[in-house]
Amino acid sequence: MVGVKKAVVLSSGGIDSTTAMAMARAEGYEIYSLSFNYGQRHAVELAAAERVAKALGVKEHLIIDLDLRKIGGSALTDTIAVPKGRSAEEIKQGIPVTYVPARNTIFLSYALAWAEQLMAGAIFIGVTAIDFSGYPDCRPEYIRAFEQMANLALKAAVEGRLRIRIHTPLITMTKGEIIRKGLELGVDYRLTHSCYDLSADGKACGQCDACLLRKKGFHEAGLADPTVYVS
Ligand SMILES: [Zn+2]
């Protein structure tokens with residue numbers, strides 16, 4: 001099929017998904033960014049996703065309302081405290097309470113539906129298996145299995161008109177490498193948002209896993225972090 005290459009890109013407004021989006025754009029894809037209003041504590045991430053979508057010139061930015069608080073089971077969607085002050089080693093061990101049950105499976109399923117509607121063969125997700133919180137739905141074996149399922153699930157795939165590929169350009173990159181790559185591609189990280197537990201006046205907590213990984217990334221990249229932290 002000739003014409004534009006389309007990609008659905010999952011966007012949380014954070015460093016990783018923003019970098020993945022910039023990489024998709026650099027590969028010549030027309031971008032359709034997809035975000036979720038899922039009842040997360042950090043609803044400001046949707047504002048960040050909106051800013052990123054504008055800055056990167058996406059063709060369309062879609063926000064799906066999906067209240068995962070009705071299911072709960074996570075510090076992001078339930079009344080469970082967000083862990084603070086964990087070391088990089090602690091962050092890597094086990095699966096923390098910020099894990100949201102089946103989140104990436106739910107998000108990728110929406111991406112898949114939109115991809116079929118758009119006839120977009122590419123779905124980009126900014127997962128990394130290096131500097132991450134041990135979430136099982138960020139691992140390469142999970143992504144490959146989802147891709148296989150995707151090509152069995154869609155009418156357009158079964159009819160041979162569409163082949164879905166799940167792109168994970170960050171999967172083997174450290175946070176520092178991700179930030180350097182983004183800067184190379186002109187990403188303005190001031191637009192992005194990472195914190196799981198913002199203060200009432202909108203400052204990042206500086207102590208949750210997301211803040212700590214973000215700080216580590218800027219440090220590794222040898223750059224100043226533009227985020228305003230409480231601590
Ligand atoms: Zn934080």
# chains A, B, ... in the order shown; residues from 1 in each chain; ligands from 1
$ residues_near_ligand --ligand "ligand 1" --cutoff "6 Å" --atoms "only C-alpha atoms and all ligand atoms" --output "MDAnalysis selection string"
chainID A and resid 195:197 204:208 210:211
$ write_last_selection --atoms "N, CA, C and O atoms" --output "mmCIF file, in the first residue's frame"
data_model
loop_
_atom_site.group_PDB
_atom_site.id
_atom_site.type_symbol
_atom_site.label_atom_id
_atom_site.label_comp_id
_atom_site.auth_asym_id
_atom_site.auth_seq_id
_atom_site.Cartn_x
_atom_site.Cartn_y
_atom_site.Cartn_z
ATOM 1 N N CYS A 195 5.998 12.682 37.538
ATOM 2 C CA CYS A 195 5.677 12.362 38.938
ATOM 3 C C CYS A 195 4.353 11.612 39.127
ATOM 4 O O CYS A 195 3.351 11.923 38.496
ATOM 5 N N TYR A 196 4.366 10.629 40.046
ATOM 6 C CA TYR A 196 3.170 9.861 40.406
ATOM 7 C C TYR A 196 2.350 10.568 41.481
ATOM 8 O O TYR A 196 1.242 10.162 41.798
ATOM 9 N N ASP A 197 2.920 11.567 42.127
ATOM 10 C CA ASP A 197 2.300 12.111 43.340
ATOM 11 C C ASP A 197 2.573 13.611 43.488
ATOM 12 O O ASP A 197 3.278 14.030 44.398
ATOM 13 N N ALA A 204 6.397 18.422 41.358
ATOM 14 C CA ALA A 204 6.746 17.004 41.406
ATOM 15 C C ALA A 204 7.319 16.682 42.787
ATOM 16 O O ALA A 204 8.046 17.492 43.367
ATOM 17 N N CYS A 205 6.992 15.459 43.300
ATOM 18 C CA CYS A 205 7.375 15.119 44.674
ATOM 19 C C CYS A 205 8.879 14.917 44.837
ATOM 20 O O CYS A 205 9.436 15.132 45.898
ATOM 21 N N GLY A 206 9.533 14.475 43.767
ATOM 22 C CA GLY A 206 10.985 14.287 43.817
ATOM 23 C C GLY A 206 11.419 12.972 44.437
ATOM 24 O O GLY A 206 12.604 12.647 44.434
ATOM 25 N N GLN A 207 10.460 12.185 44.966
ATOM 26 C CA GLN A 207 10.825 10.973 45.718
ATOM 27 C C GLN A 207 10.154 9.693 45.220
ATOM 28 O O GLN A 207 10.536 8.604 45.638
ATOM 29 N N CYS A 208 9.165 9.797 44.354
ATOM 30 C CA CYS A 208 8.526 8.570 43.858
ATOM 31 C C CYS A 208 9.443 7.934 42.803
ATOM 32 O O CYS A 208 10.395 8.556 42.338
ATOM 33 N N ALA A 210 9.027 7.372 39.711
ATOM 34 C CA ALA A 210 9.041 8.101 38.437
ATOM 35 C C ALA A 210 9.946 9.330 38.535
ATOM 36 O O ALA A 210 10.720 9.619 37.614
ATOM 37 N N CYS A 211 9.857 10.066 39.657
ATOM 38 C CA CYS A 211 10.735 11.230 39.857
ATOM 39 C C CYS A 211 12.198 10.792 39.943
ATOM 40 O O CYS A 211 13.073 11.419 39.357
#
$ residues_around --residues "Ser35 of chain A" --least-positions-apart "3" --cutoff "10 Å" --atoms "only C-alpha atoms" --output "list in words"
Val9, Leu10, Ser11, Ser12, Gly13, Tyr38, Glu45, Leu46, Ala49, Glu50, His61, Leu62, Ile63, Ile64, Asp65, Phe107, Tyr110 and Ala111 of chain A
$ write_last_selection --atoms "N, CA and C atoms" --output "CSV table (one decimal), in the first residue's frame"
chain,number,residue,atom,x,y,z
A,9,VAL,N,0.8,6.0,18.5
A,9,VAL,CA,1.8,6.1,19.6
A,9,VAL,C,1.1,6.3,20.9
A,10,LEU,N,1.4,5.4,21.9
A,10,LEU,CA,0.8,5.6,23.2
A,10,LEU,C,1.6,6.7,23.9
A,11,SER,N,0.8,7.7,24.5
A,11,SER,CA,1.5,8.8,25.0
A,11,SER,C,1.0,9.1,26.4
A,12,SER,N,1.9,9.1,27.4
A,12,SER,CA,1.6,9.5,28.8
A,12,SER,C,2.0,10.9,29.1
A,13,GLY,N,2.7,11.5,28.2
A,13,GLY,CA,3.2,12.9,28.5
A,13,GLY,C,4.5,12.8,29.2
A,38,TYR,N,-7.6,7.6,32.8
A,38,TYR,CA,-8.0,6.4,33.5
A,38,TYR,C,-8.2,6.5,35.0
A,45,GLU,N,-0.8,14.6,33.7
A,45,GLU,CA,-0.1,14.0,32.6
A,45,GLU,C,-0.8,14.2,31.3
A,46,LEU,N,-2.1,14.3,31.4
A,46,LEU,CA,-2.9,14.5,30.1
A,46,LEU,C,-2.6,15.8,29.5
A,49,ALA,N,0.7,15.4,27.8
A,49,ALA,CA,0.5,14.6,26.6
A,49,ALA,C,0.0,15.5,25.5
A,50,GLU,N,-0.9,16.5,25.9
A,50,GLU,CA,-1.5,17.4,24.9
A,50,GLU,C,-0.4,18.4,24.4
A,61,HIS,N,-4.7,13.7,18.2
A,61,HIS,CA,-4.4,13.2,19.5
A,61,HIS,C,-5.7,12.8,20.2
A,62,LEU,N,-5.8,11.5,20.5
A,62,LEU,CA,-7.1,11.0,21.1
A,62,LEU,C,-6.9,10.7,22.5
A,63,ILE,N,-7.9,11.1,23.3
A,63,ILE,CA,-7.9,10.8,24.8
A,63,ILE,C,-9.1,9.9,25.0
A,64,ILE,N,-8.9,8.7,25.6
A,64,ILE,CA,-9.9,7.8,25.9
A,64,ILE,C,-10.2,7.9,27.4
A,65,ASP,N,-11.5,8.0,27.7
A,65,ASP,CA,-11.9,8.0,29.1
A,65,ASP,C,-12.2,6.6,29.5
A,107,PHE,N,-4.3,-0.6,27.3
A,107,PHE,CA,-3.9,0.5,26.4
A,107,PHE,C,-3.6,0.0,25.0
A,110,TYR,N,-6.7,-0.7,22.9
A,110,TYR,CA,-7.3,0.5,22.3
A,110,TYR,C,-6.4,0.9,21.1
A,111,ALA,N,-5.1,0.9,21.3
A,111,ALA,CA,-4.2,1.3,20.2
A,111,ALA,C,-4.5,0.4,19.0
$ closest_residue --among "A:Ser231, A:Ser74, A:Thr168, A:Asn37" --to "Ser199 of chain A" --atoms "only C-alpha atoms"
A:Ser231
$ select_by_dssp --residues "segment 28-212 of chain A" --states "helix (DSSP H, G or I)" --output "ChimeraX atom specification"
/A:44-55,68-70,88-92,103-118,136-138,140-153,155-158,175-184,189-191,209-212
$ residues_around --residues "Glu60 of chain A" --least-positions-apart "2" --cutoff "8 Å" --atoms "only C-alpha atoms" --output "number ranges by chain"
A: 31-33, 58, 62
$ select_by_dssp --residues "chain A" --states "strand (DSSP E or B)" --output "PDB file with N, CA, C and O atoms, in the first residue's frame"
ATOM      1  N   LYS A   6       1.523   5.373   8.795  1.00  0.00           N
ATOM      2  CA  LYS A   6       0.875   5.868  10.008  1.00  0.00           C
ATOM      3  C   LYS A   6       1.313   5.058  11.217  1.00  0.00           C
ATOM      4  O   LYS A   6       1.463   3.847  11.119  1.00  0.00           O
ATOM      5  N   ALA A   7       1.453   5.746  12.355  1.00  0.00           N
ATOM      6  CA  ALA A   7       1.762   5.055  13.598  1.00  0.00           C
ATOM      7  C   ALA A   7       0.860   5.562  14.708  1.00  0.00           C
ATOM      8  O   ALA A   7       0.663   6.767  14.858  1.00  0.00           O
ATOM      9  N   VAL A   8       0.307   4.624  15.465  1.00  0.00           N
ATOM     10  CA  VAL A   8      -0.390   4.978  16.699  1.00  0.00           C
ATOM     11  C   VAL A   8       0.671   4.935  17.798  1.00  0.00           C
ATOM     12  O   VAL A   8       1.393   3.943  17.938  1.00  0.00           O
ATOM     13  N   VAL A   9       0.792   6.035  18.549  1.00  0.00           N
ATOM     14  CA  VAL A   9       1.814   6.119  19.598  1.00  0.00           C
ATOM     15  C   VAL A   9       1.127   6.329  20.942  1.00  0.00           C
ATOM     16  O   VAL A   9       0.393   7.308  21.121  1.00  0.00           O
ATOM     17  N   LEU A  10       1.353   5.416  21.887  1.00  0.00           N
ATOM     18  CA  LEU A  10       0.802   5.595  23.226  1.00  0.00           C
ATOM     19  C   LEU A  10       1.563   6.716  23.909  1.00  0.00           C
ATOM     20  O   LEU A  10       2.798   6.722  23.923  1.00  0.00           O
ATOM     21  N   GLU A  30       3.486   9.311  10.165  1.00  0.00           N
ATOM     22  CA  GLU A  30       2.469  10.289  10.547  1.00  0.00           C
ATOM     23  C   GLU A  30       1.931   9.784  11.892  1.00  0.00           C
ATOM     24  O   GLU A  30       1.571   8.612  12.014  1.00  0.00           O
ATOM     25  N   ILE A  31       1.891  10.691  12.878  1.00  0.00           N
ATOM     26  CA  ILE A  31       1.641  10.252  14.254  1.00  0.00           C
ATOM     27  C   ILE A  31       0.182  10.452  14.698  1.00  0.00           C
ATOM     28  O   ILE A  31      -0.374  11.542  14.553  1.00  0.00           O
ATOM     29  N   TYR A  32      -0.353   9.406  15.288  1.00  0.00           N
ATOM     30  CA  TYR A  32      -1.667   9.449  15.933  1.00  0.00           C
ATOM     31  C   TYR A  32      -1.419   9.111  17.394  1.00  0.00           C
ATOM     32  O   TYR A  32      -1.152   7.954  17.734  1.00  0.00           O
ATOM     33  N   SER A  33      -1.455  10.120  18.261  1.00  0.00           N
ATOM     34  CA  SER A  33      -1.095   9.849  19.655  1.00  0.00           C
ATOM     35  C   SER A  33      -2.342   9.521  20.464  1.00  0.00           C
ATOM     36  O   SER A  33      -3.431  10.064  20.246  1.00  0.00           O
ATOM     37  N   LEU A  34      -2.166   8.595  21.393  1.00  0.00           N
ATOM     38  CA  LEU A  34      -3.285   8.055  22.161  1.00  0.00           C
ATOM     39  C   LEU A  34      -2.974   8.119  23.651  1.00  0.00           C
ATOM     40  O   LEU A  34      -1.952   7.605  24.108  1.00  0.00           O
ATOM     41  N   SER A  35      -3.855   8.800  24.392  1.00  0.00           N
ATOM     42  CA  SER A  35      -3.687   8.920  25.842  1.00  0.00           C
ATOM     43  C   SER A  35      -4.968   8.465  26.530  1.00  0.00           C
ATOM     44  O   SER A  35      -6.030   8.393  25.902  1.00  0.00           O
ATOM     45  N   PHE A  36      -4.846   8.210  27.829  1.00  0.00           N
ATOM     46  CA  PHE A  36      -5.988   7.689  28.581  1.00  0.00           C
ATOM     47  C   PHE A  36      -6.233   8.498  29.842  1.00  0.00           C
ATOM     48  O   PHE A  36      -5.306   8.790  30.597  1.00  0.00           O
ATOM     49  N   ASN A  37      -7.484   8.842  30.029  1.00  0.00           N
ATOM     50  CA  ASN A  37      -7.913   9.445  31.274  1.00  0.00           C
ATOM     51  C   ASN A  37      -8.477   8.291  32.087  1.00  0.00           C
ATOM     52  O   ASN A  37      -9.648   7.959  31.986  1.00  0.00           O
ATOM     53  N   GLU A  60      -3.337  13.564  14.898  1.00  0.00           N
ATOM     54  CA  GLU A  60      -4.508  13.550  15.770  1.00  0.00           C
ATOM     55  C   GLU A  60      -4.101  13.036  17.149  1.00  0.00           C
ATOM     56  O   GLU A  60      -3.294  12.111  17.251  1.00  0.00           O
ATOM     57  N   HIS A  61      -4.655  13.663  18.188  1.00  0.00           N
ATOM     58  CA  HIS A  61      -4.405  13.187  19.549  1.00  0.00           C
ATOM     59  C   HIS A  61      -5.739  12.797  20.155  1.00  0.00           C
ATOM     60  O   HIS A  61      -6.651  13.612  20.269  1.00  0.00           O
ATOM     61  N   LEU A  62      -5.849  11.541  20.526  1.00  0.00           N
ATOM     62  CA  LEU A  62      -7.100  11.016  21.054  1.00  0.00           C
ATOM     63  C   LEU A  62      -6.941  10.700  22.533  1.00  0.00           C
ATOM     64  O   LEU A  62      -5.945  10.106  22.939  1.00  0.00           O
ATOM     65  N   ILE A  63      -7.918  11.137  23.344  1.00  0.00           N
ATOM     66  CA  ILE A  63      -7.910  10.799  24.769  1.00  0.00           C
ATOM     67  C   ILE A  63      -9.116   9.916  25.048  1.00  0.00           C
ATOM     68  O   ILE A  63     -10.255  10.305  24.772  1.00  0.00           O
ATOM     69  N   ILE A  64      -8.856   8.732  25.575  1.00  0.00           N
ATOM     70  CA  ILE A  64      -9.926   7.791  25.885  1.00  0.00           C
ATOM     71  C   ILE A  64     -10.237   7.879  27.384  1.00  0.00           C
ATOM     72  O   ILE A  64      -9.333   7.806  28.214  1.00  0.00           O
ATOM     73  N   ASP A  65     -11.507   8.026  27.717  1.00  0.00           N
ATOM     74  CA  ASP A  65     -11.925   8.000  29.121  1.00  0.00           C
ATOM     75  C   ASP A  65     -12.202   6.569  29.539  1.00  0.00           C
ATOM     76  O   ASP A  65     -12.966   5.863  28.882  1.00  0.00           O
ATOM     77  N   LYS A  84       8.058   6.047  48.309  1.00  0.00           N
ATOM     78  CA  LYS A  84       8.972   7.186  48.175  1.00  0.00           C
ATOM     79  C   LYS A  84      10.393   6.804  48.576  1.00  0.00           C
ATOM     80  O   LYS A  84      10.590   5.951  49.452  1.00  0.00           O
ATOM     81  N   ALA A 122       1.810   0.347  12.411  1.00  0.00           N
ATOM     82  CA  ALA A 122       2.778   0.511  13.500  1.00  0.00           C
ATOM     83  C   ALA A 122       2.112   1.038  14.760  1.00  0.00           C
ATOM     84  O   ALA A 122       1.306   1.968  14.702  1.00  0.00           O
ATOM     85  N   ILE A 123       2.464   0.404  15.865  1.00  0.00           N
ATOM     86  CA  ILE A 123       2.076   0.923  17.178  1.00  0.00           C
ATOM     87  C   ILE A 123       3.372   1.115  17.953  1.00  0.00           C
ATOM     88  O   ILE A 123       4.188   0.191  18.030  1.00  0.00           O
ATOM     89  N   PHE A 124       3.580   2.321  18.468  1.00  0.00           N
ATOM     90  CA  PHE A 124       4.784   2.602  19.262  1.00  0.00           C
ATOM     91  C   PHE A 124       4.410   2.699  20.733  1.00  0.00           C
ATOM     92  O   PHE A 124       3.443   3.376  21.097  1.00  0.00           O
ATOM     93  N   ARG A 165       2.807  -4.188  13.719  1.00  0.00           N
ATOM     94  CA  ARG A 165       4.080  -4.368  14.418  1.00  0.00           C
ATOM     95  C   ARG A 165       4.090  -3.435  15.628  1.00  0.00           C
ATOM     96  O   ARG A 165       3.751  -2.253  15.514  1.00  0.00           O
ATOM     97  N   ILE A 166       4.430  -3.989  16.787  1.00  0.00           N
ATOM     98  CA  ILE A 166       4.542  -3.178  18.007  1.00  0.00           C
ATOM     99  C   ILE A 166       6.000  -2.743  18.122  1.00  0.00           C
ATOM    100  O   ILE A 166       6.890  -3.583  18.284  1.00  0.00           O
ATOM    101  N   HIS A 167       6.234  -1.449  18.013  1.00  0.00           N
ATOM    102  CA  HIS A 167       7.598  -0.911  18.077  1.00  0.00           C
ATOM    103  C   HIS A 167       7.926  -0.482  19.504  1.00  0.00           C
ATOM    104  O   HIS A 167       7.158   0.265  20.111  1.00  0.00           O
ATOM    105  N   ALA A 204       6.397  18.422  41.358  1.00  0.00           N
ATOM    106  CA  ALA A 204       6.746  17.004  41.406  1.00  0.00           C
ATOM    107  C   ALA A 204       7.319  16.682  42.787  1.00  0.00           C
ATOM    108  O   ALA A 204       8.046  17.492  43.367  1.00  0.00           O
ATOM    109  N   CYS A 208       9.165   9.797  44.354  1.00  0.00           N
ATOM    110  CA  CYS A 208       8.526   8.570  43.858  1.00  0.00           C
ATOM    111  C   CYS A 208       9.443   7.934  42.803  1.00  0.00           C
ATOM    112  O   CYS A 208      10.395   8.556  42.338  1.00  0.00           O
ATOM    113  N   TYR A 229      10.817  20.526  41.690  1.00  0.00           N
ATOM    114  CA  TYR A 229      10.538  19.502  42.705  1.00  0.00           C
ATOM    115  C   TYR A 229      10.239  20.142  44.059  1.00  0.00           C
ATOM    116  O   TYR A 229      10.782  21.195  44.386  1.00  0.00           O
TER     117      TYR A 229
END
$ residues_around --residues "Phe146 of chain A" --least-positions-apart "3" --cutoff "9 Å" --atoms "only C-alpha atoms" --output "VMD selection string"
chain A and resid 105 108 141 to 143 149 to 151 166
$ closest_residue --among "A:Thr172, A:Thr227, A:Asn104, A:Thr79" --to "Thr192 of chain A" --atoms "only C-alpha atoms"
A:Thr227
$ atom_distance --atom1 "atom CA of Ala113 of chain A" --atom2 "atom CA of Val158 of chain A"
14.2 Å
$ closest_residue --among "A:Gly57, A:Pro169, A:Gly217, A:Gly160" --to "Val127 of chain A" --atoms "only C-alpha atoms"
A:Pro169
$ residues_around --residues "Val4 of chain A" --least-positions-apart "5" --cutoff "12 Å" --atoms "only C-alpha atoms" --output "list in words"
Arg25, Glu27, Gly28, Tyr29, Glu30, Ile31, Lys59, Leu118, Met119, Ala120, Gly121 and Ala122 of chain A
$ write_last_selection --atoms "N, CA, C and O atoms" --output "mmCIF file, in the first residue's frame"
data_model
loop_
_atom_site.group_PDB
_atom_site.id
_atom_site.type_symbol
_atom_site.label_atom_id
_atom_site.label_comp_id
_atom_site.auth_asym_id
_atom_site.auth_seq_id
_atom_site.Cartn_x
_atom_site.Cartn_y
_atom_site.Cartn_z
ATOM 1 N N ARG A 25 8.450 9.765 14.603
ATOM 2 C CA ARG A 25 8.388 10.884 13.663
ATOM 3 C C ARG A 25 9.657 10.927 12.800
ATOM 4 O O ARG A 25 9.602 11.137 11.596
ATOM 5 N N GLU A 27 11.394 8.529 11.918
ATOM 6 C CA GLU A 27 11.343 7.433 10.935
ATOM 7 C C GLU A 27 10.332 7.719 9.829
ATOM 8 O O GLU A 27 10.106 6.871 8.964
ATOM 9 N N GLY A 28 9.705 8.876 9.879
ATOM 10 C CA GLY A 28 8.816 9.287 8.799
ATOM 11 C C GLY A 28 7.352 8.916 8.978
ATOM 12 O O GLY A 28 6.564 9.030 8.039
ATOM 13 N N TYR A 29 6.982 8.492 10.168
ATOM 14 C CA TYR A 29 5.573 8.152 10.397
ATOM 15 C C TYR A 29 4.720 9.397 10.612
ATOM 16 O O TYR A 29 5.168 10.384 11.197
ATOM 17 N N GLU A 30 3.486 9.311 10.165
ATOM 18 C CA GLU A 30 2.469 10.289 10.547
ATOM 19 C C GLU A 30 1.931 9.784 11.892
ATOM 20 O O GLU A 30 1.571 8.612 12.014
ATOM 21 N N ILE A 31 1.891 10.691 12.878
ATOM 22 C CA ILE A 31 1.641 10.252 14.254
ATOM 23 C C ILE A 31 0.182 10.452 14.698
ATOM 24 O O ILE A 31 -0.374 11.542 14.553
ATOM 25 N N LYS A 59 -0.844 14.192 13.935
ATOM 26 C CA LYS A 59 -1.995 14.351 13.049
ATOM 27 C C LYS A 59 -3.275 14.407 13.876
ATOM 28 O O LYS A 59 -4.173 15.190 13.606
ATOM 29 N N LEU A 118 -7.499 3.127 11.347
ATOM 30 C CA LEU A 118 -6.644 4.035 10.566
ATOM 31 C C LEU A 118 -5.883 3.312 9.463
ATOM 32 O O LEU A 118 -5.260 3.950 8.627
ATOM 33 N N MET A 119 -5.876 1.983 9.522
ATOM 34 C CA MET A 119 -5.000 1.145 8.684
ATOM 35 C C MET A 119 -3.540 1.553 8.911
ATOM 36 O O MET A 119 -2.754 1.770 7.994
ATOM 37 N N ALA A 120 -3.193 1.623 10.196
ATOM 38 C CA ALA A 120 -1.822 1.933 10.622
ATOM 39 C C ALA A 120 -1.146 0.631 11.042
ATOM 40 O O ALA A 120 -1.645 -0.078 11.905
ATOM 41 N N GLY A 121 -0.035 0.320 10.412
ATOM 42 C CA GLY A 121 0.647 -0.944 10.714
ATOM 43 C C GLY A 121 1.568 -0.872 11.917
ATOM 44 O O GLY A 121 2.059 -1.887 12.386
ATOM 45 N N ALA A 122 1.810 0.347 12.411
ATOM 46 C CA ALA A 122 2.778 0.511 13.500
ATOM 47 C C ALA A 122 2.112 1.038 14.760
ATOM 48 O O ALA A 122 1.306 1.968 14.702
#
$ atom_distance --atom1 "atom CA of Lys175 of chain A" --atom2 "atom CA of Asp209 of chain A"
12.6 Å
$ atom_distance --atom1 "atom CA of Ile15 of chain A" --atom2 "atom CA of Lys54 of chain A"
15.5 Å
$ residues_around --residues "Phe218 of chain A" --least-positions-apart "5" --cutoff "9 Å" --atoms "only C-alpha atoms" --output "PyMOL selection string"
chain A and resi 175-176+179-180+213+223-225
